[in-house]
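> I'm passing along input-v2.pdb; it holds PDB, C-alpha atoms.
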```
ATOM      1  CA  MET A   1     114.441  91.484  93.139
ATOM      2  CA  CYS A   2     113.740  94.994  94.455
ATOM      3  CA  SER A   3     110.795  97.094  93.372
ATOM      4  CA  SER A   4     110.303 100.860  93.541
ATOM      5  CA  ASP A   5     106.773 102.123  92.938
ATOM      6  CA  LEU A   6     106.580 105.874  92.214
ATOM      7  CA  THR A   7     102.919 106.466  93.049
ATOM      8  CA  ASN A   8     102.282 109.914  91.622
ATOM      9  CA  LEU A   9     104.092 109.034  88.373
ATOM     10  CA  ASP A  10     102.251 105.707  87.978
ATOM     11  CA  LYS A  11     105.563 103.918  87.411
ATOM     12  CA  THR A  12     107.017 100.792  88.962
ATOM     13  CA  VAL A  13     110.594  99.683  88.353
ATOM     14  CA  GLU A  14     112.231  96.409  89.341
ATOM     15  CA  PHE A  15     115.924  95.647  89.586
ATOM     16  CA  GLU A  16     118.203  92.982  90.967
ATOM     17  CA  SER A  17     120.392  94.241  93.793
ATOM     18  CA  GLY A  18     124.024  94.503  92.756
ATOM     19  CA  LYS A  19     123.202  94.376  89.034
ATOM     20  CA  LEU A  20     122.206  98.017  88.480
ATOM     21  CA  PRO A  21     124.911 100.153  86.832
ATOM     22  CA  TYR A  22     125.829 103.004  89.164
ATOM     23  CA  ALA A  23     124.672 106.291  87.611
ATOM     24  CA  ASP A  24     126.862 108.383  89.945
ATOM     25  CA  GLN A  25     123.792 110.074  91.414
ATOM     26  CA  GLY A  26     123.679 109.767  95.193
ATOM     27  CA  LYS A  27     124.566 106.492  96.875
ATOM     28  CA  PRO A  28     124.593 103.349  94.728
ATOM     29  CA  GLU A  29     121.070 101.853  94.522
ATOM     30  CA  SER A  30     119.577 104.877  96.279
ATOM     31  CA  ILE A  31     116.088 105.945  95.210
ATOM     32  CA  LEU A  32     117.745 108.642  93.094
ATOM     33  CA  ASP A  33     120.205 106.209  91.486
ATOM     34  CA  VAL A  34     117.437 103.707  90.695
ATOM     35  CA  ALA A  35     115.161 106.411  89.276
ATOM     36  CA  MET A  36     117.901 107.883  87.073
ATOM     37  CA  ASN A  37     118.807 104.412  85.761
ATOM     38  CA  PHE A  38     115.212 104.005  84.597
ATOM     39  CA  GLY A  39     114.935 107.478  83.057
ATOM     40  CA  ILE A  40     112.850 108.949  85.887
ATOM     41  CA  HIS A  41     114.029 112.443  86.784
ATOM     42  CA  ILE A  42     114.205 113.527  90.422
ATOM     43  CA  GLU A  43     115.583 117.004  91.092
ATOM     44  CA  HIS A  44     118.978 116.907  92.844
ATOM     45  CA  ALA A  45     120.685 120.288  92.742
ATOM     46  CA  CYS A  46     123.745 119.130  94.705
ATOM     47  CA  GLY A  47     124.402 116.119  92.469
ATOM     48  CA  GLY A  48     123.325 113.655  95.149
ATOM     49  CA  SER A  49     125.882 114.625  97.790
ATOM     50  CA  CYS A  50     123.396 115.261 100.644
ATOM     51  CA  ALA A  51     124.040 119.013 100.509
ATOM     52  CA  CYS A  52     120.483 120.172  99.678
ATOM     53  CA  THR A  53     116.879 118.964  99.941
ATOM     54  CA  THR A  54     115.745 119.077  96.315
ATOM     55  CA  CYS A  55     115.502 115.267  96.115
ATOM     56  CA  HIS A  56     113.137 115.107  99.115
ATOM     57  CA  VAL A  57     110.590 112.304  98.715
ATOM     58  CA  ARG A  58     107.852 110.834 100.898
ATOM     59  CA  MET A  59     107.862 107.121 101.594
ATOM     60  CA  LYS A  60     104.464 105.432 101.458
ATOM     61  CA  THR A  61     105.643 101.898 102.310
ATOM     62  CA  GLY A  62     108.908 100.118 103.001
ATOM     63  CA  VAL A  63     110.539 102.917 104.998
ATOM     64  CA  GLU A  64     111.215 100.752 108.068
ATOM     65  CA  THR A  65     112.171  97.480 106.390
ATOM     66  CA  ASN A  66     113.301  98.077 102.809
ATOM     67  CA  LEU A  67     115.493 101.186 102.978
ATOM     68  CA  SER A  68     118.886 101.805 104.486
ATOM     69  CA  PRO A  69     118.742 103.448 107.931
ATOM     70  CA  MET A  70     118.911 107.232 107.934
ATOM     71  CA  GLU A  71     122.385 108.513 108.799
ATOM     72  CA  ASP A  72     123.022 111.713 110.782
ATOM     73  CA  ASP A  73     123.942 113.777 107.691
ATOM     74  CA  GLU A  74     120.670 112.908 105.984
ATOM     75  CA  LEU A  75     118.647 113.505 109.143
ATOM     76  CA  ASP A  76     120.199 116.951 109.616
ATOM     77  CA  ARG A  77     119.478 117.872 106.004
ATOM     78  CA  VAL A  78     116.009 116.322 105.474
ATOM     79  CA  GLU A  79     114.606 118.145 108.504
ATOM     80  CA  GLN A  80     115.125 121.366 106.494
ATOM     81  CA  ALA A  81     113.023 120.137 103.563
ATOM     82  CA  ALA A  82     109.753 121.821 102.706
ATOM     83  CA  ASP A  83     106.797 119.741 103.901
ATOM     84  CA  TYR A  84     109.056 117.508 106.031
ATOM     85  CA  GLY A  85     107.240 114.580 107.640
ATOM     86  CA  LEU A  86     107.984 111.380 109.530
ATOM     87  CA  ASN A  87     108.341 109.392 106.288
ATOM     88  CA  SER A  88     110.509 111.976 104.499
ATOM     89  CA  ARG A  89     113.794 110.840 102.991
ATOM     90  CA  LEU A  90     116.386 112.237 100.627
ATOM     91  CA  ALA A  91     116.300 110.159  97.443
ATOM     92  CA  CYS A  92     120.095 110.443  97.096
ATOM     93  CA  GLN A  93     120.731 108.833 100.497
ATOM     94  CA  ALA A  94     117.962 106.223 100.905
ATOM     95  CA  VAL A  95     119.296 102.922  99.526
ATOM     96  CA  VAL A  96     116.593 100.512  98.337
ATOM     97  CA  THR A  97     116.922  97.009  99.818
ATOM     98  CA  GLY A  98     113.434  95.681  99.025
ATOM     99  CA  ASP A  99     110.027  96.795  97.815
ATOM    100  CA  VAL A 100     109.183 100.446  98.461
ATOM    101  CA  VAL A 101     106.484 102.909  97.430
ATOM    102  CA  VAL A 102     107.742 106.452  96.900
ATOM    103  CA  GLU A 103     105.906 109.733  96.345
ATOM    104  CA  ILE A 104     107.755 112.590  94.666
ATOM    105  CA  PRO A 105     106.047 115.774  95.899
ATOM    106  CA  SER A 106     104.458 117.656  92.988
ATOM    107  CA  TRP A 107     106.109 120.921  94.029
ATOM    108  CA  ASN A 108     109.491 119.209  93.802
ATOM    109  CA  ARG A 109     109.270 118.400  90.101
ATOM    110  CA  ASN A 110     110.801 120.301  87.200
ATOM    111  CA  TYR A 111     108.840 120.355  83.941
ATOM    112  CA  VAL A 112     111.800 121.336  81.777
ATOM    113  CA  SER A 113     114.317 118.808  83.144
ATOM    114  CA  GLU A 114     111.698 116.045  82.963
ATOM    115  CA  GLY A 115     111.617 116.426  79.192
ATOM    116  CA  GLY A 116     108.697 118.823  78.915
ATOM    117  CA  GLY A 117     110.673 121.135  76.653
ATOM    118  CA  SER A 118     111.677 124.703  77.211
ATOM    119  CA  MET A 119     109.304 127.368  78.342
ATOM    120  CA  ASN A 120     108.964 130.536  76.283
ATOM    121  CA  LEU A 121     109.392 133.370  78.764
ATOM    122  CA  GLY A 122     109.411 136.112  76.134
ATOM    123  CA  ASP A 123     111.017 139.260  77.512
ATOM    124  CA  ALA A 124     110.952 138.027  81.126
ATOM    125  CA  ILE A 125     114.673 137.219  80.935
ATOM    126  CA  PRO A 126     116.517 139.993  79.126
ATOM    127  CA  VAL A 127     119.462 139.156  76.882
ATOM    128  CA  GLY A 128     122.796 140.174  78.423
ATOM    129  CA  LYS A 129     124.679 143.153  76.996
ATOM    130  CA  LYS A 130     127.915 142.495  75.114
TER
END
```
Now that the file is in, can you turn its structure into structure tokens?


Amino acid sequence: MCSSDLTNLDKTVEFESGKLPYADQGKPESILDVAMNFGIHIEHACGGSCACTTCHVRMKTGVETNLSPMEDDELDRVEQAADYGLNSRLACQAVVTGDVVVEIPSWNRNYVSEGGGSMNLGDAIPVGKK
């Protein structure tokens, strides 16, 4: 049984390796895939293909023992992430193999796509001309 604890969301999810349906978001059983399977939204502008840094997360525990090793593509990309640190990973590439604690940076969250509804911007976005 694997466990992913998302500290700043106060959520913990558990799953049995190999039993999680693949949500086609990043690598199978990646942090992103696990989160999406449990209805937890993590931004991923590139669809989980390791082509951006919007799914950047910080690992609190389990980075050395309970995640897949970082491959060159992820290393090249994650180093470009805002607020990059030694425990930074891309949620779409880091495959969970045991218990981990993950922090989704607050600046990397999207109120609207997390189900917060739409924002009324009034005249800030003009209607296109026909």

> List the residues selected by the PyMOL selection byres ((chain A and resi 27-35) around 8) in the file shown, writing them as a VMD selection string.

chain A and resid 4 17 20 22 to 26 36 to 42 48 55 91 to 96

> Could you tell me how far atom CA of Asn66 of chain A lies from atom CA of Thr54 of chain A, in Å and to one decimal?

22.1 Å

> Step by step, work through what the PyMOL selection byres ((chain A and resi 81) around 12) selects in the shown file, and finish by giving those residues as a list in words.

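When the PyMOL selection byres ((chain A and resi 81) around 12) is applied, the selected residues are Cys50, Ala51, Cys52, Thr53, Thr54, Cys55, His56, Val57, Arg58, Glu74, Leu75, Asp76, Arg77, Val78, Glu79, Gln80, Ala82, Asp83, Tyr84, Gly85, Leu86, Ser88, Arg89, Leu90, Pro105, Trp107 and Asn108 of chain A.
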
> Let me make sure I understand: among A:Val13, A:Met1, A:Lys60, A:Pro21, which one has the smallest atom-to-atom distance to Ile104 of chain A if we use all atoms listed in the file?

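The shortest atom-to-atom distance to Ile104 of chain A comes from A:Lys60.
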
> Point out the residue among A:Gly18, A:Thr97, A:Thr12, A:Leu6 with the least atom-to-atom distance to Pro69 of chain A, counting all atoms listed in the file.

A:Thr97

> What does the distance from atom CA of Asp99 of chain A to atom CA of Gly62 of chain A come to in Å, to one decimal?

6.3 Å

> What is the distance, in Å and to one decimal place, between atom CA of Asn87 of chain A and atom CA of Val63 of chain A?

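It comes out at 7.0 Å.
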